[in-house]
Structure formats: C-alpha cells, structure tokens
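Student: Quick one: this structure, given as structure tokens, is what I'll be asking you about.
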Amino acid sequence: MAGDFLRITEIFHSVQGESTWAGLPCTFVRLTGCPLRCTWCDTEYAFHGGTRMTFEQILDAVHGHSAELVEVTGGEPLAHPGAFPLVDMLLEDGYTVLVETSGAFDVAPLDPRAHKIMDLKCPGSGESARNLWANLDHLTERDEVKFVVKDRTDYEWTRDTIRERGLDSRLKQGSLRALLVSPVWDEIDLAALAGWILEDALPVRFQAQVHKLIWGADAKGV
C-alpha cells in the first residue's frame, strides 16, 4: 500500500552530536530527500538515492541497536508524509524520539511526545525565506530552536529574531527547552562567536558538532 515505506539514506548508531542531547548514544534514521538547498549543507549525500524500506524494516533496523534515543533526520524528514507515522511507531515502541527539521514544514501534526529540534534558517543559509514562522506556535517545553550561524550578519539576525519573536521570554518561562547556536563548520571564528553571545548576554547554548570533532567533517554514518 502506498505510504507504507520511506526512502532511507542510512540508519546508524552513534553519539548524538548536537542539541541538549549531545553526547548520548543515539540511533539515527536519515530520510532521503530535501527541497531546501542551504549553502552550508553537510548532508548533500542525502538529497538523492537511498533505499526504499517499509516501516517494519526501519523498525527492525532501529531495534538492532541498543540506544533508547532515536533521531529522525534527513534531508528534511517532514517533507515526507510517512515520517509522521514512523515517529508514532517509534514512540509506541518506547523510544525517546528527536525530530530534526528545517522549520520549513508544518510541525503541528507531529506527536506531542516527540522532541522537535527545529532550525530557523539564517540569511547566510540562502533559505531564510522558507522559515515557517507559524511553527513557533507549536513548540513546547520539549522542543529546541537551532540557529546555524555563518558570519556576523547571521549572528545579529539570530539575536534580533530571538528578541523580536520573544524566544528568550519563552525560554525563561520554561515553555521552550533550549535555544541553540551552531557555527558553520570551518566558516566562522568560534571565539568571536562566543564573544558576541557573551557581550549580548544572549540566553543560548553554544554548540559545536561533537560527531565532527570525533570523526571529522566528511564522515558518514557515525
């Protein structure tokens, strides 16, 4: 039956590299395909190809790993209608489920038990016009907002967006789990970015991509 499968680039067991979950063992389910083309994308290999897998095959592969934490990612997972029932199935199996999404697709249909890690695309991505601002209304204390920062312009956009959209207030009130700032790998001075954050007293979590620190920027499936 149509819709009983997804195209999968890879399923692998690794250390979670980002977010407030960084450092924890995690199984990643990377869906194939993304309609966005961020200038700094590090998973272009997931744009095409992949293997057609039924939900049962995907779940069997996840069950083959020991982690209780699972991330559904891409590509852009929410571009695929089948991602929503997959998340439901993983939750029903008892997993803690993270959904890494670009913020360009409606997150409202996601099971509220899932943890959304949602990008807001900065200007340097080339895709900031794709931000679906209505998604902010569907974020909860389980969820995190991520800004991938390429330069000073991106940082200032991040700072102003946090303040103008009231994300700092939502964080303080506990209605949002975290605000994340992630530097584009090898494109921005880390000390400078940290300094801007401290100077502005911005209530964000500065994060580097742990998996790249361990295995390198070009490694796949780790």
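Residue numbering restarts at 1 for every chain of the structure tokens, chains are lettered A, B, ... in their displayed order, and ligands are numbered from 1 as they appear.
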A:Asp119: which residues within 12 Å, counting only C-alpha atoms, same-chain residues fewer than 6 positions away excluded, as a ChimeraX atom specification?

Tutor: /A:19,38,76,99-105,107,125,127-128,130-133,135-136,139,143-149,158,178-182

Student: Residues of stretch 27-116 of chain A in helix (DSSP H, G or I) according to DSSP, as an MDAnalysis selection string?

Tutor: chainID A and resid 44:46 55:63 77:79 83:92

Student: Pick out each residue of stretch 6-221 of chain A that DSSP on the backbone tags as strand (DSSP E); I need them as a PDB file with N, CA and C atoms, in the first residue's frame.

Tutor:
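After the write, states32.pdb holds the following:
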```
ATOM      1  N   LEU A   6       9.361   4.338   3.351  1.00  0.00           N
ATOM      2  CA  LEU A   6      10.103   5.583   3.228  1.00  0.00           C
ATOM      3  C   LEU A   6      11.418   5.300   2.515  1.00  0.00           C
ATOM      4  N   ARG A   7      11.968   6.306   1.887  1.00  0.00           N
ATOM      5  CA  ARG A   7      13.291   6.144   1.281  1.00  0.00           C
ATOM      6  C   ARG A   7      14.322   6.597   2.308  1.00  0.00           C
ATOM      7  N   ILE A   8      15.227   5.690   2.632  1.00  0.00           N
ATOM      8  CA  ILE A   8      16.177   5.887   3.728  1.00  0.00           C
ATOM      9  C   ILE A   8      17.603   5.959   3.191  1.00  0.00           C
ATOM     10  N   THR A   9      18.327   6.991   3.595  1.00  0.00           N
ATOM     11  CA  THR A   9      19.744   7.109   3.229  1.00  0.00           C
ATOM     12  C   THR A   9      20.611   6.238   4.119  1.00  0.00           C
ATOM     13  N   GLU A  10      20.336   6.250   5.436  1.00  0.00           N
ATOM     14  CA  GLU A  10      21.144   5.449   6.356  1.00  0.00           C
ATOM     15  C   GLU A  10      20.444   5.355   7.710  1.00  0.00           C
ATOM     16  N   ILE A  11      20.705   4.261   8.387  1.00  0.00           N
ATOM     17  CA  ILE A  11      20.309   4.062   9.784  1.00  0.00           C
ATOM     18  C   ILE A  11      21.565   3.632  10.517  1.00  0.00           C
ATOM     19  N   PHE A  12      21.950   4.380  11.544  1.00  0.00           N
ATOM     20  CA  PHE A  12      23.218   4.079  12.198  1.00  0.00           C
ATOM     21  C   PHE A  12      23.171   4.466  13.670  1.00  0.00           C
ATOM     22  N   HIS A  13      24.087   3.874  14.409  1.00  0.00           N
ATOM     23  CA  HIS A  13      24.196   4.062  15.854  1.00  0.00           C
ATOM     24  C   HIS A  13      25.433   4.897  16.121  1.00  0.00           C
ATOM     25  N   SER A  14      25.288   5.991  16.869  1.00  0.00           N
ATOM     26  CA  SER A  14      26.419   6.886  17.079  1.00  0.00           C
ATOM     27  C   SER A  14      26.214   7.665  18.368  1.00  0.00           C
ATOM     28  N   VAL A  15      27.031   8.680  18.535  1.00  0.00           N
ATOM     29  CA  VAL A  15      26.896   9.633  19.633  1.00  0.00           C
ATOM     30  C   VAL A  15      26.142  10.842  19.100  1.00  0.00           C
ATOM     31  N   PRO A  25      24.324   8.202  23.485  1.00  0.00           N
ATOM     32  CA  PRO A  25      24.160   7.221  22.404  1.00  0.00           C
ATOM     33  C   PRO A  25      22.808   7.410  21.724  1.00  0.00           C
ATOM     34  N   CYS A  26      22.795   7.314  20.412  1.00  0.00           N
ATOM     35  CA  CYS A  26      21.577   7.613  19.652  1.00  0.00           C
ATOM     36  C   CYS A  26      21.589   6.795  18.360  1.00  0.00           C
ATOM     37  N   THR A  27      20.419   6.345  17.956  1.00  0.00           N
ATOM     38  CA  THR A  27      20.251   5.730  16.645  1.00  0.00           C
ATOM     39  C   THR A  27      19.624   6.763  15.719  1.00  0.00           C
ATOM     40  N   PHE A  28      20.240   6.945  14.567  1.00  0.00           N
ATOM     41  CA  PHE A  28      19.785   7.944  13.603  1.00  0.00           C
ATOM     42  C   PHE A  28      19.092   7.264  12.429  1.00  0.00           C
ATOM     43  N   VAL A  29      17.940   7.798  12.060  1.00  0.00           N
ATOM     44  CA  VAL A  29      17.221   7.348  10.873  1.00  0.00           C
ATOM     45  C   VAL A  29      17.210   8.535   9.916  1.00  0.00           C
ATOM     46  N   ARG A  30      18.037   8.452   8.881  1.00  0.00           N
ATOM     47  CA  ARG A  30      18.177   9.581   7.954  1.00  0.00           C
ATOM     48  C   ARG A  30      17.353   9.320   6.695  1.00  0.00           C
ATOM     49  N   LEU A  31      16.287  10.114   6.528  1.00  0.00           N
ATOM     50  CA  LEU A  31      15.450  10.003   5.352  1.00  0.00           C
ATOM     51  C   LEU A  31      16.116  10.689   4.158  1.00  0.00           C
ATOM     52  N   THR A  51      17.458   3.950   0.007  1.00  0.00           N
ATOM     53  CA  THR A  51      16.875   2.623  -0.148  1.00  0.00           C
ATOM     54  C   THR A  51      15.429   2.653   0.307  1.00  0.00           C
ATOM     55  N   ARG A  52      14.557   2.125  -0.498  1.00  0.00           N
ATOM     56  CA  ARG A  52      13.147   2.047  -0.133  1.00  0.00           C
ATOM     57  C   ARG A  52      12.975   0.988   0.949  1.00  0.00           C
ATOM     58  N   MET A  53      12.452   1.402   2.105  1.00  0.00           N
ATOM     59  CA  MET A  53      12.275   0.482   3.232  1.00  0.00           C
ATOM     60  C   MET A  53      10.861   0.610   3.780  1.00  0.00           C
ATOM     61  N   THR A  54      10.274  -0.519   4.142  1.00  0.00           N
ATOM     62  CA  THR A  54       8.978  -0.496   4.801  1.00  0.00           C
ATOM     63  C   THR A  54       9.160  -0.029   6.240  1.00  0.00           C
ATOM     64  N   LEU A  69      17.478   6.334  22.578  1.00  0.00           N
ATOM     65  CA  LEU A  69      17.255   7.625  21.938  1.00  0.00           C
ATOM     66  C   LEU A  69      17.351   7.438  20.428  1.00  0.00           C
ATOM     67  N   VAL A  70      16.350   7.940  19.693  1.00  0.00           N
ATOM     68  CA  VAL A  70      16.325   7.831  18.233  1.00  0.00           C
ATOM     69  C   VAL A  70      16.086   9.207  17.652  1.00  0.00           C
ATOM     70  N   GLU A  71      16.868   9.566  16.624  1.00  0.00           N
ATOM     71  CA  GLU A  71      16.611  10.812  15.917  1.00  0.00           C
ATOM     72  C   GLU A  71      16.174  10.518  14.496  1.00  0.00           C
ATOM     73  N   VAL A  72      15.059  11.126  14.099  1.00  0.00           N
ATOM     74  CA  VAL A  72      14.587  11.074  12.717  1.00  0.00           C
ATOM     75  C   VAL A  72      15.048  12.361  12.055  1.00  0.00           C
ATOM     76  N   THR A  73      15.864  12.225  11.005  1.00  0.00           N
ATOM     77  CA  THR A  73      16.512  13.381  10.406  1.00  0.00           C
ATOM     78  C   THR A  73      16.529  13.218   8.894  1.00  0.00           C
ATOM     79  N   THR A  96      12.688   7.395  23.090  1.00  0.00           N
ATOM     80  CA  THR A  96      12.675   8.854  23.125  1.00  0.00           C
ATOM     81  C   THR A  96      13.040   9.303  21.724  1.00  0.00           C
ATOM     82  N   VAL A  97      12.179  10.105  21.109  1.00  0.00           N
ATOM     83  CA  VAL A  97      12.337  10.423  19.688  1.00  0.00           C
ATOM     84  C   VAL A  97      12.603  11.915  19.496  1.00  0.00           C
ATOM     85  N   LEU A  98      13.698  12.210  18.798  1.00  0.00           N
ATOM     86  CA  LEU A  98      14.029  13.565  18.371  1.00  0.00           C
ATOM     87  C   LEU A  98      13.713  13.687  16.887  1.00  0.00           C
ATOM     88  N   VAL A  99      13.177  14.818  16.496  1.00  0.00           N
ATOM     89  CA  VAL A  99      12.921  15.075  15.076  1.00  0.00           C
ATOM     90  C   VAL A  99      13.678  16.337  14.695  1.00  0.00           C
ATOM     91  N   GLU A 100      14.677  16.186  13.842  1.00  0.00           N
ATOM     92  CA  GLU A 100      15.485  17.306  13.374  1.00  0.00           C
ATOM     93  C   GLU A 100      14.865  17.830  12.085  1.00  0.00           C
ATOM     94  N   THR A 101      14.362  19.067  12.115  1.00  0.00           N
ATOM     95  CA  THR A 101      13.640  19.605  10.964  1.00  0.00           C
ATOM     96  C   THR A 101      14.099  21.016  10.638  1.00  0.00           C
ATOM     97  N   HIS A 115      10.331  15.137  20.510  1.00  0.00           N
ATOM     98  CA  HIS A 115      11.095  16.350  20.795  1.00  0.00           C
ATOM     99  C   HIS A 115      11.522  16.963  19.467  1.00  0.00           C
ATOM    100  N   LYS A 116      11.024  18.135  19.164  1.00  0.00           N
ATOM    101  CA  LYS A 116      11.364  18.813  17.920  1.00  0.00           C
ATOM    102  C   LYS A 116      12.637  19.632  18.103  1.00  0.00           C
ATOM    103  N   ILE A 117      13.583  19.457  17.196  1.00  0.00           N
ATOM    104  CA  ILE A 117      14.775  20.298  17.134  1.00  0.00           C
ATOM    105  C   ILE A 117      14.664  21.024  15.801  1.00  0.00           C
ATOM    106  N   MET A 118      14.228  22.262  15.868  1.00  0.00           N
ATOM    107  CA  MET A 118      13.797  22.984  14.676  1.00  0.00           C
ATOM    108  C   MET A 118      14.741  24.122  14.333  1.00  0.00           C
ATOM    109  N   ASP A 119      15.244  24.092  13.106  1.00  0.00           N
ATOM    110  CA  ASP A 119      16.070  25.192  12.621  1.00  0.00           C
ATOM    111  C   ASP A 119      15.213  26.423  12.341  1.00  0.00           C
ATOM    112  N   GLU A 144      13.384  22.450  20.908  1.00  0.00           N
ATOM    113  CA  GLU A 144      14.565  23.293  20.818  1.00  0.00           C
ATOM    114  C   GLU A 144      14.592  24.002  19.468  1.00  0.00           C
ATOM    115  N   VAL A 145      15.097  25.236  19.467  1.00  0.00           N
ATOM    116  CA  VAL A 145      15.241  26.001  18.234  1.00  0.00           C
ATOM    117  C   VAL A 145      16.724  26.197  17.976  1.00  0.00           C
ATOM    118  N   LYS A 146      17.136  25.901  16.747  1.00  0.00           N
ATOM    119  CA  LYS A 146      18.557  25.959  16.390  1.00  0.00           C
ATOM    120  C   LYS A 146      18.791  27.026  15.324  1.00  0.00           C
ATOM    121  N   PHE A 147      19.871  27.777  15.499  1.00  0.00           N
ATOM    122  CA  PHE A 147      20.325  28.754  14.514  1.00  0.00           C
ATOM    123  C   PHE A 147      21.719  28.333  14.066  1.00  0.00           C
ATOM    124  N   VAL A 148      21.898  28.083  12.782  1.00  0.00           N
ATOM    125  CA  VAL A 148      23.219  27.770  12.244  1.00  0.00           C
ATOM    126  C   VAL A 148      23.807  29.074  11.696  1.00  0.00           C
ATOM    127  N   VAL A 149      24.918  29.510  12.300  1.00  0.00           N
ATOM    128  CA  VAL A 149      25.452  30.858  12.086  1.00  0.00           C
ATOM    129  C   VAL A 149      26.730  30.793  11.258  1.00  0.00           C
ATOM    130  N   ALA A 178      15.197  24.889  24.782  1.00  0.00           N
ATOM    131  CA  ALA A 178      16.527  25.455  24.561  1.00  0.00           C
ATOM    132  C   ALA A 178      16.570  26.254  23.275  1.00  0.00           C
ATOM    133  N   LEU A 179      17.486  27.223  23.254  1.00  0.00           N
ATOM    134  CA  LEU A 179      17.876  27.937  22.048  1.00  0.00           C
ATOM    135  C   LEU A 179      19.324  27.574  21.767  1.00  0.00           C
ATOM    136  N   LEU A 180      19.604  27.125  20.562  1.00  0.00           N
ATOM    137  CA  LEU A 180      20.915  26.607  20.202  1.00  0.00           C
ATOM    138  C   LEU A 180      21.548  27.483  19.127  1.00  0.00           C
ATOM    139  N   VAL A 181      22.828  27.764  19.271  1.00  0.00           N
ATOM    140  CA  VAL A 181      23.590  28.430  18.225  1.00  0.00           C
ATOM    141  C   VAL A 181      24.708  27.501  17.794  1.00  0.00           C
ATOM    142  N   SER A 182      24.717  27.177  16.506  1.00  0.00           N
ATOM    143  CA  SER A 182      25.697  26.234  15.970  1.00  0.00           C
ATOM    144  C   SER A 182      26.507  26.913  14.875  1.00  0.00           C
ATOM    145  N   PRO A 183      27.822  26.985  14.997  1.00  0.00           N
ATOM    146  CA  PRO A 183      28.639  27.617  13.954  1.00  0.00           C
ATOM    147  C   PRO A 183      28.744  26.735  12.713  1.00  0.00           C
ATOM    148  N   ARG A 205      22.500  28.231  23.989  1.00  0.00           N
ATOM    149  CA  ARG A 205      23.520  27.192  24.202  1.00  0.00           C
ATOM    150  C   ARG A 205      24.420  27.173  22.971  1.00  0.00           C
ATOM    151  N   PHE A 206      25.668  27.562  23.144  1.00  0.00           N
ATOM    152  CA  PHE A 206      26.658  27.463  22.070  1.00  0.00           C
ATOM    153  C   PHE A 206      27.011  25.992  21.903  1.00  0.00           C
TER     154      PHE A 206
END
```

Student: What is the atom CA of A:Ser175 to atom CA of A:His138 distance in Å?

Tutor: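 These two atoms are separated by 10.7 Å.
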
Student: Write out as a PyMOL selection string each polymer residue whose atoms come within 9 Å of A:Cys34, counting only C-alpha atoms; drop sequence neighbours fewer than 6 positions from it.

Tutor: chain A and resi 44+46-48+74-77+79

Student: Can those selected residues be exported to a file as an mmCIF file, in the first residue's frame so that it contains N, CA and C atoms?

Tutor:
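out_36.cif written:
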```cif
data_model
loop_
_atom_site.group_PDB
_atom_site.id
_atom_site.type_symbol
_atom_site.label_atom_id
_atom_site.label_comp_id
_atom_site.auth_asym_id
_atom_site.auth_seq_id
_atom_site.Cartn_x
_atom_site.Cartn_y
_atom_site.Cartn_z
ATOM 1 N N GLU A 44 24.514 16.709 1.815
ATOM 2 C CA GLU A 44 24.035 16.695 0.432
ATOM 3 C C GLU A 44 23.899 15.274 -0.110
ATOM 4 N N ALA A 46 22.358 13.045 1.139
ATOM 5 C CA ALA A 46 21.013 12.561 1.439
ATOM 6 C C ALA A 46 19.955 13.164 0.527
ATOM 7 N N PHE A 47 20.356 13.975 -0.444
ATOM 8 C CA PHE A 47 19.377 14.585 -1.341
ATOM 9 C C PHE A 47 18.740 13.555 -2.277
ATOM 10 N N HIS A 48 19.514 12.571 -2.667
ATOM 11 C CA HIS A 48 19.064 11.628 -3.703
ATOM 12 C C HIS A 48 19.460 10.201 -3.317
ATOM 13 N N GLY A 74 17.298 14.067 8.220
ATOM 14 C CA GLY A 74 17.341 13.997 6.772
ATOM 15 C C GLY A 74 18.659 14.533 6.246
ATOM 16 N N GLY A 75 18.606 15.072 5.065
ATOM 17 C CA GLY A 75 17.434 15.533 4.334
ATOM 18 C C GLY A 75 16.503 16.383 5.218
ATOM 19 N N GLU A 76 15.275 16.386 4.810
ATOM 20 C CA GLU A 76 14.211 17.023 5.584
ATOM 21 C C GLU A 76 13.115 16.003 5.824
ATOM 22 N N PRO A 77 13.055 15.447 7.040
ATOM 23 C CA PRO A 77 12.113 14.357 7.276
ATOM 24 C C PRO A 77 10.652 14.740 7.071
ATOM 25 N N ALA A 79 9.265 16.600 5.001
ATOM 26 C CA ALA A 79 8.827 16.681 3.609
ATOM 27 C C ALA A 79 8.149 15.388 3.174
#
```

Student: Within 8 Å of A:Trp157, counting only C-alpha atoms, which residues qualify if same-chain residues fewer than 4 places away don't, as a list in words?

Tutor: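 Listed by chain and then number, they are Cys122, Pro123, Thr153 and Thr161 of chain A.
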
Student: Just N, CA and C atoms for this one: save the residues we selected as a PDB file, in the first residue's frame.

Tutor:
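Now in selection_18.pdb:
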```pdb
ATOM      1  N   CYS A 122      19.039  31.152   9.008  1.00  0.00           N
ATOM      2  CA  CYS A 122      19.642  32.478   8.966  1.00  0.00           C
ATOM      3  C   CYS A 122      19.862  32.908   7.507  1.00  0.00           C
ATOM      4  N   PRO A 123      20.067  34.198   7.264  1.00  0.00           N
ATOM      5  CA  PRO A 123      20.267  34.663   5.890  1.00  0.00           C
ATOM      6  C   PRO A 123      21.402  33.964   5.154  1.00  0.00           C
ATOM      7  N   THR A 153      26.627  38.717  10.343  1.00  0.00           N
ATOM      8  CA  THR A 153      25.266  39.051   9.901  1.00  0.00           C
ATOM      9  C   THR A 153      24.283  38.000  10.391  1.00  0.00           C
ATOM     10  N   THR A 161      16.148  38.027  16.069  1.00  0.00           N
ATOM     11  CA  THR A 161      14.987  37.133  15.953  1.00  0.00           C
ATOM     12  C   THR A 161      14.578  36.606  17.320  1.00  0.00           C
TER      13      THR A 161
END
```

Student: Out of A:Ala194, A:Leu36, A:Leu86, A:Leu24, which residue has the shortest atom-to-atom distance to A:Ile58 when counting only C-alpha atoms?

Tutor: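 Selected residue with least distance to A:Ile58: A:Leu86.
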
Student: Choose the residue, out of A:Asp168, A:Asp154, A:Gly174, A:Ala208, that has the smallest atom-to-atom separation from A:Trp196; count only C-alpha atoms.

Tutor: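 Closest to A:Trp196 of all the choices is A:Asp154.
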
Student: A:Gln209: which residues within 10 Å, counting only C-alpha atoms, same-chain residues fewer than 5 positions away excluded, as number ranges by chain?

Tutor: A: 16-19, 22, 182-185, 214, 216-217

Student: Would you compute the distance between atom CA of A:Leu167 and atom CA of A:Ala83? Give it in Å to one decimal.

Tutor: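 Separating atom CA of A:Leu167 from atom CA of A:Ala83 is a distance of 26.9 Å.
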
Student: What does the distance from atom CA of A:Phe55 to atom CA of A:Phe5 come to in Å, to one decimal?

Tutor: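 We find that atom CA of A:Phe55 and atom CA of A:Phe5 lie 5.6 Å from each other.
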